[in-house]
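Colleague: Data file query.txt (compact mmCIF, C-alpha atoms and all ligand atoms) is appended below.
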# COMPACT_ATOMS: atom_id res chain seq x y z
CA MET A 290 0.00 0.00 0.00
CA LYS A 291 1.35 3.41 -0.93
CA ALA A 292 0.38 6.93 0.16
CA VAL A 293 1.62 10.14 -1.43
CA HIS A 294 1.57 12.91 1.16
CA PHE A 295 1.98 16.57 0.13
CA GLY A 296 3.66 18.76 2.77
CA ALA A 297 6.44 17.14 4.82
CA GLY A 298 6.25 19.83 7.52
CA ASN A 299 5.05 19.64 11.12
CA ILE A 300 1.71 17.89 10.55
CA GLY A 301 3.03 15.92 7.57
CA ARG A 302 5.86 14.23 9.43
CA GLY A 303 4.48 14.46 12.98
CA PHE A 304 0.91 13.33 12.39
CA VAL A 305 -0.46 12.27 8.99
CA GLY A 306 2.77 10.61 7.80
CA LEU A 307 3.09 8.85 11.16
CA LEU A 308 -0.46 7.50 11.14
CA LEU A 309 -0.21 6.36 7.52
CA HIS A 310 3.09 4.65 8.34
CA GLU A 311 1.54 2.93 11.35
CA ALA A 312 -1.35 1.82 9.12
CA GLY A 313 1.19 -0.01 6.93
CA TYR A 314 1.52 2.43 4.04
CA GLU A 315 4.78 3.25 2.34
CA VAL A 316 4.72 7.05 2.47
CA VAL A 317 6.07 9.18 -0.38
CA PHE A 318 6.51 12.72 0.96
CA ALA A 319 6.09 15.44 -1.68
CA ASP A 320 7.27 18.94 -0.80
CA VAL A 321 8.80 21.99 -2.46
CA ALA A 322 11.40 22.59 0.26
CA ASP A 323 14.65 21.38 -1.35
CA THR A 324 16.63 20.85 1.86
CA LEU A 325 13.81 18.98 3.56
CA ILE A 326 13.32 16.69 0.56
CA ALA A 327 17.06 16.03 0.38
CA GLN A 328 17.11 15.18 4.10
CA LEU A 329 14.14 12.82 3.75
CA ALA A 330 15.64 11.18 0.66
CA ALA A 331 18.88 10.54 2.54
CA ALA A 332 17.28 9.23 5.75
CA ASP A 333 16.06 5.74 6.61
CA SER A 334 13.91 6.88 9.52
CA TYR A 335 12.97 9.75 11.81
CA SER A 336 11.47 9.93 15.30
CA VAL A 337 8.25 11.49 16.53
CA HIS A 338 8.63 12.57 20.16
CA GLU A 339 5.25 12.71 21.88
CA VAL A 340 5.51 15.01 24.93
CA GLY A 341 3.12 15.60 27.82
CA GLU A 342 1.19 12.92 29.67
CA ASN A 343 2.42 9.41 28.78
CA PRO A 344 5.31 10.55 26.58
CA ALA A 345 6.53 8.17 23.88
CA VAL A 346 8.86 8.03 20.89
CA ARG A 347 7.65 6.55 17.61
CA THR A 348 9.81 5.70 14.63
CA VAL A 349 8.76 6.34 11.06
CA ASP A 350 10.54 4.46 8.27
CA ASN A 351 9.59 2.97 4.90
CA PHE A 352 9.25 6.40 3.28
CA ARG A 353 10.63 8.10 0.19
CA ALA A 354 10.64 11.72 -0.92
CA VAL A 355 9.96 13.58 -4.13
CA ASN A 356 10.40 17.27 -4.87
CA SER A 357 6.99 18.37 -6.13
CA GLY A 358 8.49 21.58 -7.50
CA THR A 359 11.14 20.01 -9.70
CA GLN A 360 10.26 16.32 -10.18
CA GLU A 361 6.83 16.50 -11.77
CA ALA A 362 7.09 13.36 -13.92
CA GLN A 363 8.17 11.26 -10.93
CA LEU A 364 5.45 12.80 -8.77
CA ILE A 365 2.75 12.00 -11.33
CA GLU A 366 4.00 8.42 -11.58
CA GLU A 367 3.89 8.07 -7.77
CA ILE A 368 0.31 9.36 -7.66
CA ALA A 369 -0.71 7.14 -10.59
CA THR A 370 0.33 4.06 -8.60
CA ALA A 371 -0.72 5.19 -5.10
CA ASP A 372 -3.69 4.10 -2.99
CA ILE A 373 -4.03 7.34 -1.05
CA VAL A 374 -3.10 11.00 -1.52
CA THR A 375 -3.15 13.28 1.51
CA THR A 376 -2.12 16.91 1.99
CA ALA A 377 -1.00 19.11 4.90
CA VAL A 378 0.28 22.15 3.04
CA GLY A 379 -2.10 24.90 4.21
CA PRO A 380 -5.55 25.65 2.75
CA HIS A 381 -4.22 28.39 0.42
CA ILE A 382 -1.69 26.00 -1.14
CA LEU A 383 -4.21 23.36 -2.22
CA LYS A 384 -4.73 24.99 -5.62
CA PHE A 385 -1.02 24.65 -6.34
CA VAL A 386 -0.84 20.90 -5.64
CA ALA A 387 -4.10 20.13 -7.49
CA PRO A 388 -2.76 20.07 -11.09
CA ALA A 389 -0.20 17.32 -10.34
CA ILE A 390 -2.85 15.29 -8.51
CA ALA A 391 -5.17 15.65 -11.53
CA LYS A 392 -2.42 14.46 -13.88
CA GLY A 393 -1.58 11.57 -11.55
CA ILE A 394 -5.20 10.45 -11.42
CA ALA A 395 -5.49 10.74 -15.20
CA SER A 396 -2.42 8.49 -15.57
CA ARG A 397 -3.74 5.62 -13.46
CA ALA A 398 -3.92 2.24 -15.14
CA ALA A 399 -7.39 0.92 -15.95
CA GLY A 400 -8.68 -1.43 -13.28
CA LEU A 401 -6.96 0.23 -10.32
CA PRO A 402 -9.30 1.13 -7.47
CA PRO A 403 -10.12 4.85 -7.25
CA LEU A 404 -7.42 7.00 -5.65
CA GLN A 405 -8.49 8.04 -2.13
CA VAL A 406 -7.85 11.77 -1.68
CA MET A 407 -7.98 13.50 1.72
CA ALA A 408 -6.86 17.05 2.52
CA CYS A 409 -5.75 17.36 6.15
CA GLU A 410 -5.87 21.12 6.69
CA ASN A 411 -7.43 23.45 9.23
CA ALA A 412 -10.34 24.51 7.07
CA ILE A 413 -13.94 23.42 6.81
CA ASN A 414 -14.23 20.82 4.02
CA ALA A 415 -10.66 21.30 2.78
CA THR A 416 -10.95 18.23 0.54
CA ASP A 417 -13.87 19.86 -1.29
CA ILE A 418 -11.64 22.90 -1.88
CA LEU A 419 -8.92 20.62 -3.26
CA ARG A 420 -11.39 18.69 -5.42
CA GLU A 421 -12.68 21.94 -6.98
CA SER A 422 -9.13 22.80 -8.04
CA ILE A 423 -8.56 19.28 -9.37
CA VAL A 424 -11.82 19.54 -11.36
CA SER A 425 -10.58 22.85 -12.85
CA SER A 426 -7.46 21.20 -14.22
CA TRP A 427 -9.06 17.84 -15.11
CA ASP A 428 -8.56 16.70 -18.70
CA GLU A 429 -11.98 15.44 -19.84
CA ALA A 430 -10.25 13.16 -22.35
CA ALA A 431 -9.05 11.13 -19.36
CA GLY A 432 -12.61 10.02 -18.60
CA SER A 433 -14.66 10.49 -15.49
CA LEU A 434 -12.88 11.93 -12.44
CA ALA A 435 -15.62 10.46 -10.24
CA ASP A 436 -14.69 6.95 -11.42
CA ALA A 437 -10.97 7.48 -10.86
CA ALA A 438 -10.86 9.14 -7.45
CA VAL A 439 -12.83 9.39 -4.25
CA PHE A 440 -12.65 12.53 -2.11
CA ALA A 441 -13.26 12.54 1.64
CA ASN A 442 -13.26 15.50 3.98
CA THR A 443 -11.38 15.16 7.26
CA ALA A 444 -10.70 17.03 10.51
CA VAL A 445 -7.17 16.88 11.89
CA ASP A 446 -6.16 17.76 15.41
CA ARG A 447 -2.71 17.53 16.96
CA ILE A 448 -0.58 20.41 18.21
CA VAL A 449 2.72 20.27 16.35
CA PRO A 450 4.86 23.34 17.09
CA ASN A 451 7.65 24.61 14.90
CA GLN A 452 10.66 22.42 15.52
CA GLU A 453 13.83 23.49 17.28
CA PRO A 454 16.76 24.10 14.93
CA GLY A 455 19.16 21.17 14.83
CA GLN A 456 16.43 18.58 15.32
CA GLY A 457 16.78 17.31 11.76
CA LEU A 458 13.72 15.38 10.62
CA ASP A 459 12.61 14.48 14.15
CA VAL A 460 9.37 16.06 15.29
CA THR A 461 8.13 16.98 18.77
CA VAL A 462 4.35 16.75 19.10
CA GLU A 463 1.74 16.57 21.84
CA THR A 464 0.52 13.11 22.81
CA PHE A 465 -3.10 13.84 21.83
CA TYR A 466 -4.28 13.40 18.25
CA GLU A 467 -7.54 13.05 16.39
CA TRP A 468 -8.02 12.41 12.66
CA VAL A 469 -11.72 12.22 11.84
CA ILE A 470 -12.62 11.14 8.30
CA ASP A 471 -15.95 11.19 6.47
CA ARG A 472 -16.69 7.53 5.76
CA THR A 473 -19.55 8.08 3.35
CA PRO A 474 -17.68 8.82 0.07
CA PHE A 475 -15.84 5.46 0.25
CA GLY A 476 -19.00 3.39 -0.14
CA GLY A 477 -17.81 0.51 2.04
CA ALA A 478 -14.19 0.59 0.84
CA ALA A 479 -12.74 3.06 3.33
CA PRO A 480 -8.99 2.77 3.92
CA VAL A 481 -7.89 0.97 7.07
CA ILE A 482 -6.08 3.56 9.20
CA PRO A 483 -6.20 2.41 12.83
CA GLY A 484 -5.28 5.87 14.18
CA ALA A 485 -8.19 7.56 12.35
CA THR A 486 -11.86 7.70 13.30
CA PHE A 487 -14.39 7.26 10.49
CA VAL A 488 -17.78 8.96 10.92
CA ASP A 489 -20.97 9.20 8.87
CA GLU A 490 -21.55 12.89 9.56
CA LEU A 491 -18.34 14.90 9.64
CA GLY A 492 -19.77 18.47 9.50
CA PRO A 493 -20.41 18.89 13.24
CA TYR A 494 -17.00 17.42 14.12
CA ILE A 495 -15.09 19.76 11.80
CA GLU A 496 -16.98 22.77 13.08
CA ARG A 497 -16.58 21.74 16.71
CA LYS A 498 -12.85 21.26 16.22
CA LEU A 499 -12.33 24.54 14.36
CA PHE A 500 -14.54 26.61 16.68
CA THR A 501 -13.12 25.12 19.88
CA VAL A 502 -9.50 23.99 19.41
CA ASN A 503 -8.56 26.53 16.79
CA THR A 504 -10.66 29.43 18.09
CA GLY A 505 -9.30 28.84 21.60
CA HIS A 506 -5.71 28.33 20.55
CA ALA A 507 -5.63 31.39 18.28
CA SER A 508 -7.31 33.44 21.03
CA ALA A 509 -4.55 32.41 23.44
CA ALA A 510 -2.02 33.49 20.81
CA TYR A 511 -3.53 36.92 20.15
CA PHE A 512 -4.28 37.71 23.81
CA GLY A 513 -0.81 36.41 24.73
CA PHE A 514 0.85 38.51 22.01
CA GLU A 515 -1.02 41.58 23.29
CA ALA A 516 0.24 40.80 26.81
CA GLY A 517 3.83 40.60 25.54
CA LEU A 518 4.13 36.85 26.18
CA GLU A 519 6.11 34.49 23.96
CA LYS A 520 5.05 30.92 24.74
CA ILE A 521 1.48 29.64 24.53
CA SER A 522 1.86 27.82 27.86
CA ASP A 523 2.96 31.12 29.46
CA ALA A 524 -0.03 32.88 27.93
CA MET A 525 -2.35 30.24 29.38
CA ALA A 526 -0.63 30.64 32.78
CA ASP A 527 -1.60 34.33 32.75
CA GLU A 528 -4.89 34.65 34.65
CA ASP A 529 -6.31 37.38 32.42
CA VAL A 530 -5.43 35.61 29.18
CA ALA A 531 -6.80 32.31 30.48
CA ALA A 532 -10.06 33.99 31.54
CA ASP A 533 -10.42 35.68 28.14
CA VAL A 534 -9.83 32.39 26.30
CA ARG A 535 -12.32 30.61 28.56
CA ALA A 536 -14.94 33.31 27.85
CA VAL A 537 -14.41 32.88 24.09
CA LEU A 538 -14.92 29.12 24.39
CA ASP A 539 -18.09 29.66 26.44
CA GLU A 540 -19.50 31.57 23.50
CA THR A 541 -18.54 28.98 20.89
CA LYS A 542 -19.87 26.29 23.23
CA GLN A 543 -23.22 28.06 23.28
CA LEU A 544 -23.31 28.02 19.47
CA LEU A 545 -22.10 24.43 19.07
CA VAL A 546 -24.56 23.07 21.63
CA SER A 547 -27.53 24.83 20.07
CA LYS A 548 -26.54 24.27 16.45
CA HIS A 549 -25.29 20.68 16.47
CA GLY A 550 -27.00 19.21 19.50
CA PHE A 551 -23.79 18.29 21.36
CA SER A 552 -24.81 17.99 24.99
CA TYR A 553 -23.72 20.80 27.27
CA ASP A 554 -21.71 18.38 29.44
CA GLU A 555 -20.03 16.71 26.46
CA GLN A 556 -18.98 20.08 25.04
CA GLU A 557 -17.77 21.26 28.45
CA ALA A 558 -15.62 18.14 28.79
CA TYR A 559 -14.23 18.78 25.29
CA VAL A 560 -13.40 22.39 26.23
CA GLN A 561 -11.68 21.30 29.46
CA LYS A 562 -9.56 18.76 27.64
CA ILE A 563 -8.51 21.33 25.07
CA LEU A 564 -7.65 23.99 27.64
CA ALA A 565 -5.41 21.42 29.35
CA ARG A 566 -3.68 20.71 26.00
CA PHE A 567 -2.91 24.43 25.54
CA THR A 568 -1.15 24.54 28.91
CA ASN A 569 1.28 21.68 28.05
CA PRO A 570 4.63 23.18 29.18
CA HIS A 571 6.62 20.55 27.28
CA LEU A 572 5.56 21.97 23.92
CA PRO A 573 7.87 24.75 22.74
CA ASP A 574 4.93 26.52 21.06
CA THR A 575 4.82 30.27 20.48
CA VAL A 576 2.16 32.94 20.07
CA HIS A 577 3.81 33.73 16.72
CA ARG A 578 3.20 30.25 15.27
CA VAL A 579 -0.29 29.82 16.64
CA GLY A 580 -1.26 33.37 15.62
CA ARG A 581 0.24 32.99 12.13
CA ALA A 582 -1.74 34.05 9.07
CA PRO A 583 -4.23 36.40 10.78
CA LEU A 584 -5.99 37.28 7.52
CA ARG A 585 -6.87 33.61 6.99
CA LYS A 586 -7.96 33.31 10.60
CA LEU A 587 -10.13 36.46 10.39
CA SER A 588 -11.80 35.39 7.14
CA ARG A 589 -15.55 34.90 6.86
CA HIS A 590 -16.02 31.23 7.68
CA GLU A 591 -12.97 30.76 9.88
CA ARG A 592 -12.56 30.40 13.66
CA PHE A 593 -13.51 33.94 14.77
CA ILE A 594 -15.89 35.57 12.32
CA GLY A 595 -17.59 32.23 11.58
CA PRO A 596 -18.95 31.59 15.08
CA ALA A 597 -19.31 35.30 15.96
CA ALA A 598 -21.45 35.86 12.85
CA GLU A 599 -23.69 32.91 13.66
CA LEU A 600 -24.15 34.10 17.24
CA ALA A 601 -24.98 37.61 16.00
CA GLU A 602 -27.52 36.11 13.58
CA ARG A 603 -29.15 34.49 16.63
CA GLY A 604 -29.40 37.89 18.32
CA ILE A 605 -26.46 37.31 20.69
CA VAL A 606 -23.64 39.86 21.01
CA PRO A 607 -20.43 37.75 21.07
CA GLU A 608 -18.50 40.03 23.43
CA ALA A 609 -15.63 37.63 24.12
CA LEU A 610 -15.15 36.73 20.45
CA LEU A 611 -15.15 40.44 19.63
CA GLY A 612 -12.38 40.82 22.21
CA ALA A 613 -10.38 38.10 20.46
CA ILE A 614 -11.01 39.74 17.07
CA ALA A 615 -9.75 43.05 18.51
CA ALA A 616 -6.61 41.26 19.74
CA ALA A 617 -6.15 39.60 16.33
CA LEU A 618 -6.27 43.04 14.68
CA ARG A 619 -3.31 43.98 16.91
CA PHE A 620 -1.18 40.99 15.86
CA ASN A 621 1.48 43.06 14.09
CA ASP A 622 4.24 40.43 13.96
CA PRO A 623 6.67 41.81 11.34
CA ALA A 624 7.82 38.27 10.47
CA ASP A 625 4.33 37.20 9.39
CA ALA A 626 3.46 38.19 5.81
CA GLU A 627 -0.30 38.20 6.51
CA ALA A 628 0.15 40.31 9.65
CA VAL A 629 2.07 42.85 7.58
CA GLU A 630 -0.68 42.82 4.93
CA LEU A 631 -3.31 43.22 7.65
CA GLY A 632 -1.45 46.29 8.93
CA GLN A 633 -1.35 47.67 5.40
CA ILE A 634 -5.09 47.20 4.90
CA LEU A 635 -5.78 48.87 8.25
CA ALA A 636 -3.54 51.79 7.32
CA ASP A 637 -4.79 52.24 3.75
CA SER A 638 -8.55 51.67 3.91
CA GLU A 639 -11.50 53.35 5.55
CA PRO A 640 -12.95 51.31 8.45
CA ALA A 641 -15.92 49.89 6.53
CA ALA A 642 -13.83 48.93 3.50
CA ALA A 643 -11.13 47.41 5.73
CA THR A 644 -13.75 45.42 7.65
CA GLU A 645 -15.25 44.03 4.46
CA ARG A 646 -11.84 43.14 3.05
CA ILE A 647 -10.50 41.51 6.21
CA THR A 648 -13.60 39.64 7.35
CA GLY A 649 -15.74 39.19 4.23
CA LEU A 650 -18.75 40.39 6.25
CA ALA A 651 -21.43 42.24 4.30
CA GLN A 652 -22.26 45.69 5.62
CA ASP A 653 -25.82 44.66 6.45
CA HIS A 654 -24.72 41.69 8.57
CA PRO A 655 -25.64 42.00 12.28
CA LEU A 656 -21.96 41.57 13.26
CA PHE A 657 -20.61 44.17 10.85
CA ALA A 658 -21.05 47.34 12.95
CA ALA A 659 -19.32 45.84 16.00
CA VAL A 660 -16.32 44.60 14.02
CA CYS A 661 -16.12 47.86 12.09
CA GLY A 662 -15.97 49.66 15.46
CA LEU A 663 -12.97 47.52 16.43
CA VAL A 664 -11.28 48.28 13.12
CA GLU A 665 -11.87 51.97 13.70
CA GLU A 666 -10.34 51.73 17.20
CA ARG A 667 -7.36 49.84 15.84
CA LYS A 668 -6.78 52.44 13.13
CA ALA A 669 -6.93 55.20 15.75
CA GLU A 670 -4.28 53.42 17.83
CA ASP A 671 -1.93 53.29 14.87
CA VAL A 672 -2.44 56.96 14.10
CA ALA A 673 -1.77 57.74 17.77
CA ALA A 674 1.27 55.47 17.99
CA PRO A 675 4.67 57.15 18.28
CA ALA A 676 6.78 56.93 15.11
N1 LIG B 1 0.86 22.35 13.15
C1 LIG B 1 -0.29 22.07 13.70
O1 LIG B 1 -0.37 22.02 14.93
C2 LIG B 1 -1.50 21.80 12.86
C3 LIG B 1 -1.59 22.18 11.55
N2 LIG B 1 -2.73 21.88 10.85
C4 LIG B 1 -2.85 22.23 9.45
O2 LIG B 1 -1.93 21.43 8.71
C5 LIG B 1 -1.49 22.16 7.57
C6 LIG B 1 0.04 22.21 7.57
O3 LIG B 1 0.46 22.86 8.74
P1 LIG B 1 1.93 22.64 9.32
O4 LIG B 1 2.37 21.25 9.10
O5 LIG B 1 1.91 23.19 10.69
O6 LIG B 1 2.76 23.62 8.38
P2 LIG B 1 4.30 23.50 7.93
O7 LIG B 1 4.66 24.84 7.42
O8 LIG B 1 5.10 22.89 9.02
O9 LIG B 1 4.25 22.46 6.72
C7 LIG B 1 3.73 22.77 5.47
C8 LIG B 1 4.62 22.13 4.43
O10 LIG B 1 4.03 22.30 3.15
C9 LIG B 1 5.07 22.53 2.24
N3 LIG B 1 4.56 23.15 1.02
C10 LIG B 1 4.29 24.45 0.78
N4 LIG B 1 3.87 24.62 -0.48
C11 LIG B 1 3.88 23.40 -1.06
C12 LIG B 1 3.57 22.92 -2.35
N5 LIG B 1 3.15 23.75 -3.32
N6 LIG B 1 3.72 21.60 -2.60
C13 LIG B 1 4.14 20.75 -1.63
N7 LIG B 1 4.45 21.15 -0.38
C14 LIG B 1 4.32 22.46 -0.10
C15 LIG B 1 6.06 23.39 2.98
O11 LIG B 1 7.34 23.39 2.38
C16 LIG B 1 6.02 22.74 4.36
O12 LIG B 1 7.02 21.75 4.47
C17 LIG B 1 -2.15 23.53 7.64
O13 LIG B 1 -3.36 23.50 6.91
C18 LIG B 1 -2.48 23.68 9.13
O14 LIG B 1 -3.57 24.54 9.34
C19 LIG B 1 -3.77 21.17 11.38
C20 LIG B 1 -3.73 20.76 12.68
C21 LIG B 1 -2.60 21.07 13.52
O1 LIG B 2 -2.42 26.87 10.35
P1 LIG B 2 -3.20 26.97 11.61
O2 LIG B 2 -4.65 27.05 11.36
O3 LIG B 2 -2.67 27.98 12.57
O4 LIG B 2 -2.97 25.52 12.23
C1 LIG B 2 -2.31 25.23 13.38
C2 LIG B 2 -3.32 25.03 14.48
O5 LIG B 2 -3.91 23.75 14.50
C3 LIG B 2 -3.79 23.18 15.79
O6 LIG B 2 -2.81 22.23 15.77
C4 LIG B 2 -4.99 22.52 16.30
O7 LIG B 2 -5.22 21.30 15.69
C5 LIG B 2 -3.28 24.26 16.65
O8 LIG B 2 -2.21 23.81 17.37
C6 LIG B 2 -2.68 25.27 15.78
O9 LIG B 2 -2.99 26.51 16.28
The structure in this file should be written as structure tokens.

Modeller:
Amino acid sequence: MKAVHFGAGNIGRGFVGLLLHEAGYEVVFADVADTLIAQLAAADSYSVHEVGENPAVRTVDNFRAVNSGTQEAQLIEEIATADIVTTAVGPHILKFVAPAIAKGIASRAAGLPPLQVMACENAINATDILRESIVSSWDEAAGSLADAAVFANTAVDRIVPNQEPGQGLDVTVETFYEWVIDRTPFGGAAPVIPGATFVDELGPYIERKLFTVNTGHASAAYFGFEAGLEKISDAMADEDVAADVRAVLDETKQLLVSKHGFSYDEQEAYVQKILARFTNPHLPDTVHRVGRAPLRKLSRHERFIGPAAELAERGIVPEALLGAIAAALRFNDPADAEAVELGQILADSEPAAATERITGLAQDHPLFAAVCGLVEERKAEDVAAPA
């Protein structure tokens, strides 16, 4: 059994690649980072260090590597003969990996079972996003895409921080993980991945994960950044930050319980478990990594505006989420390209235009005025800031 996995970064090596390896797949890592691909090609194995409660070290071997930027023919051949293709490249990168996947699917020999494609990204229905891009570059002469590939959405959850320099290919991760996969597209022929959980209705799980783990984690990052703290565990040790994060998760809990019918107690237990994960002092995780890409995180259906908009539509003012959005607007990390772009939008545009551009909210949406007020405040701070 062979899996081609795009993105040999933190989640690629420390989570998806590990679980595919443990499921018995030979993993072919595809990435555009030359040094990383050279390291993987030269290595026989790497270690995944699980830190926190019940720490463990797992070894990954039986992998190969291909440079998806420079070795297209080899990549297409790997995909043509694979059982599974997965990605962990970032939601905005999916459109760039789609053409090679389309060509690989088109090159499959007649009689092979359909290629099983799963995007493992922090985005609602990331595989659908990938499939749309594959459809756009599909060559109709190759026959029916639906006969040649099956696409399943997934939700992935494991905190994998940026790795310390000098660690080589080894990855430090938290002990917890959850990979939830929509079983329904496989029609009885789902892959056997013991570390994954297959469900018949993925939607509520994806939304619960994004609006709890990711909303909470990013809130800790933005509140922590505002408080001048560096590590996520230090941010969570700060009483004010912890209380603000808790208040945010109370609001998303209210939405998730009423929208998806999770019981109050079940959601509370989920929140408690996640808050404990954020405090893990063994993870060298920073507010800069967890707060990365604020424009993506502030977009319309993402972890802040998504739940805040739905609460506002229900007549509820999401005070705590608005606090987190205000903190996100202050995430001016000069090393983060999206944070720099966010600063530029705030500087160059009028409040209403900036709000629309950053959040995708329509001006007549019940959340718009409150967010626009925050944008206005943020702009005033910049104007008032010393040069
Ligand atoms: N790190 C974490 O704790 C978690 C991350 N995620 C999601 O997993 C995805 C990946 O995140 P990380 O592994 O943290 O990022 P990362 O930056 O460590 O890894 C991404 C990898 O993708 C590669 N890449 C970029 N463009 C590419 C292309 N065109 N073709 C092939 N490879 C390409 C990069 O070189 C890099 O090695 C993101 O969607 C993220 O939201 C989900 C759950 C947890
Ligand atoms: O690219 P993103 O959305 O910041 O993804 C990383 C996030 O995913 C998580 O691992 C949660 O699964 C968080 O640790 C982290 O904040």

Colleague: List the neighbours of A:Phe551 out to 12 Å using all atoms listed in the file; skip same-chain residues closer than 4 positions along the sequence, and give me the result as a ChimeraX atom specification.

Modeller: /A:493-494,496-497,541-547,555-559

Colleague: Could you please take those selected residues and save C-alpha atoms as a PDB file, in the frame of the given file?

Modeller:
ATOM      1  CA  PRO A 493     -20.410  18.890  13.240  1.00  0.00           C
ATOM      2  CA  TYR A 494     -17.000  17.420  14.120  1.00  0.00           C
ATOM      3  CA  GLU A 496     -16.980  22.770  13.080  1.00  0.00           C
ATOM      4  CA  ARG A 497     -16.580  21.740  16.710  1.00  0.00           C
ATOM      5  CA  THR A 541     -18.540  28.980  20.890  1.00  0.00           C
ATOM      6  CA  LYS A 542     -19.870  26.290  23.230  1.00  0.00           C
ATOM      7  CA  GLN A 543     -23.220  28.060  23.280  1.00  0.00           C
ATOM      8  CA  LEU A 544     -23.310  28.020  19.470  1.00  0.00           C
ATOM      9  CA  LEU A 545     -22.100  24.430  19.070  1.00  0.00           C
ATOM     10  CA  VAL A 546     -24.560  23.070  21.630  1.00  0.00           C
ATOM     11  CA  SER A 547     -27.530  24.830  20.070  1.00  0.00           C
ATOM     12  CA  GLU A 555     -20.030  16.710  26.460  1.00  0.00           C
ATOM     13  CA  GLN A 556     -18.980  20.080  25.040  1.00  0.00           C
ATOM     14  CA  GLU A 557     -17.770  21.260  28.450  1.00  0.00           C
ATOM     15  CA  ALA A 558     -15.620  18.140  28.790  1.00  0.00           C
ATOM     16  CA  TYR A 559     -14.230  18.780  25.290  1.00  0.00           C
TER      17      TYR A 559
END

Colleague: Counting only C-alpha atoms, what is within 10 Å of A:Gln652, bar same-chain residues fewer than 6 positions away, as a ChimeraX atom specification?

Modeller: /A:641-642,644-645,658,661

Colleague: So how far away is atom CA of A:Ala322 from atom O13 of ligand LIG 1 (chain B), in Å?

Modeller: 16.2 Å

Colleague: Pick from A:Val462, A:Ile470, A:Ala391, A:Ala531: nearest to ligand LIG 1 (chain B), with all atoms listed in the file counted?

Modeller: A:Val462

Colleague: Set the distance at 6 Å and use only C-alpha atoms: which residues neighbour stretch 328-335 of chain A once local chain neighbours fewer than 5 positions away are removed? I'd like the list as a list in words.

Modeller: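 With the cut-off at 6 Å, the set is Thr348, Val349, Asp350, Arg353, Ala354, Leu458 and Asp459 of chain A.
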
Colleague: Please identify every polymer residue within 7 Å of ligand LIG 2 (chain B), using only C-alpha atoms and all ligand atoms, and present the set as a list of chain:residue names.

Modeller: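 Based on only C-alpha atoms and all ligand atoms, ligand LIG 2 (chain B) is surrounded within 7 Å by A:Gly379, A:Asn411, A:Val445, A:Asp446, A:Arg447, A:Ile448, A:Val449, A:Val502, A:Asn503, A:His506, A:Ala507, A:Arg578, A:Val579, A:Gly580, A:Arg581.
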
Colleague: So, with only C-alpha atoms as the atoms that count, which of A:Ala399, A:Ala415, A:Ile365, A:Ala516 lies closest to A:Ala616?

Modeller: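 Checking each candidate against A:Ala616, we get A:Ala516 as the closest.
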
Colleague: List every residue of chain A that has an atom at most 9 Å from any atom of ligand LIG 1 (chain B), giving for each one its closest atom pair and the distance in Å to one decimal, counting only C-alpha atoms and all ligand atoms, sorted by chain and then by ascending residue number, as a Markdown table.

Modeller:
| residue | atom | partner | partner_atom | distance |
| --- | --- | --- | --- | --- |
| A:His294 | CA | B:LIG1 | C13 | 8.7 |
| A:Phe295 | CA | B:LIG1 | C13 | 5.0 |
| A:Gly296 | CA | B:LIG1 | O10 | 3.6 |
| A:Ala297 | CA | B:LIG1 | O12 | 4.7 |
| A:Gly298 | CA | B:LIG1 | O9 | 3.4 |
| A:Asn299 | CA | B:LIG1 | O4 | 3.7 |
| A:Ile300 | CA | B:LIG1 | O4 | 3.7 |
| A:Gly301 | CA | B:LIG1 | O4 | 5.6 |
| A:Arg302 | CA | B:LIG1 | O4 | 7.8 |
| A:Gly303 | CA | B:LIG1 | O4 | 8.1 |
| A:Phe304 | CA | B:LIG1 | C21 | 8.6 |
| A:Phe318 | CA | B:LIG1 | C13 | 8.8 |
| A:Ala319 | CA | B:LIG1 | C13 | 5.7 |
| A:Asp320 | CA | B:LIG1 | N7 | 3.6 |
| A:Val321 | CA | B:LIG1 | C13 | 4.9 |
| A:Ala322 | CA | B:LIG1 | O11 | 4.6 |
| A:Asp323 | CA | B:LIG1 | O11 | 8.4 |
| A:Leu325 | CA | B:LIG1 | O12 | 7.4 |
| A:Ile326 | CA | B:LIG1 | O12 | 9.0 |
| A:Asn356 | CA | B:LIG1 | C13 | 7.9 |
| A:Ser357 | CA | B:LIG1 | N6 | 5.8 |
| A:Gly358 | CA | B:LIG1 | N6 | 6.8 |
| A:Thr376 | CA | B:LIG1 | C5 | 7.7 |
| A:Ala377 | CA | B:LIG1 | C5 | 4.1 |
| A:Val378 | CA | B:LIG1 | O10 | 3.8 |
| A:Gly379 | CA | B:LIG1 | O13 | 3.3 |
| A:Pro380 | CA | B:LIG1 | O13 | 5.2 |
| A:His381 | CA | B:LIG1 | O13 | 8.2 |
| A:Ile382 | CA | B:LIG1 | N5 | 5.8 |
| A:Leu383 | CA | B:LIG1 | N5 | 7.5 |
| A:Lys384 | CA | B:LIG1 | N5 | 8.3 |
| A:Phe385 | CA | B:LIG1 | N5 | 5.2 |
| A:Val386 | CA | B:LIG1 | N5 | 5.4 |
| A:Ala408 | CA | B:LIG1 | O13 | 8.6 |
| A:Cys409 | CA | B:LIG1 | O2 | 6.1 |
| A:Glu410 | CA | B:LIG1 | O13 | 3.5 |
| A:Asn411 | CA | B:LIG1 | O14 | 4.0 |
| A:Ala412 | CA | B:LIG1 | O13 | 7.1 |
| A:Ala415 | CA | B:LIG1 | O13 | 8.7 |
| A:Ala444 | CA | B:LIG1 | C19 | 8.1 |
| A:Val445 | CA | B:LIG1 | C20 | 5.2 |
| A:Asp446 | CA | B:LIG1 | C20 | 4.7 |
| A:Arg447 | CA | B:LIG1 | C21 | 4.9 |
| A:Ile448 | CA | B:LIG1 | O1 | 3.7 |
| A:Val449 | CA | B:LIG1 | O1 | 3.8 |
| A:Pro450 | CA | B:LIG1 | N1 | 5.7 |
| A:Asn451 | CA | B:LIG1 | O8 | 6.6 |
| A:Gln452 | CA | B:LIG1 | O8 | 8.6 |
| A:Val462 | CA | B:LIG1 | O1 | 8.2 |
| A:Asn503 | CA | B:LIG1 | C20 | 8.6 |
| A:Arg578 | CA | B:LIG1 | N1 | 8.5 |
| A:Val579 | CA | B:LIG1 | O1 | 8.0 |
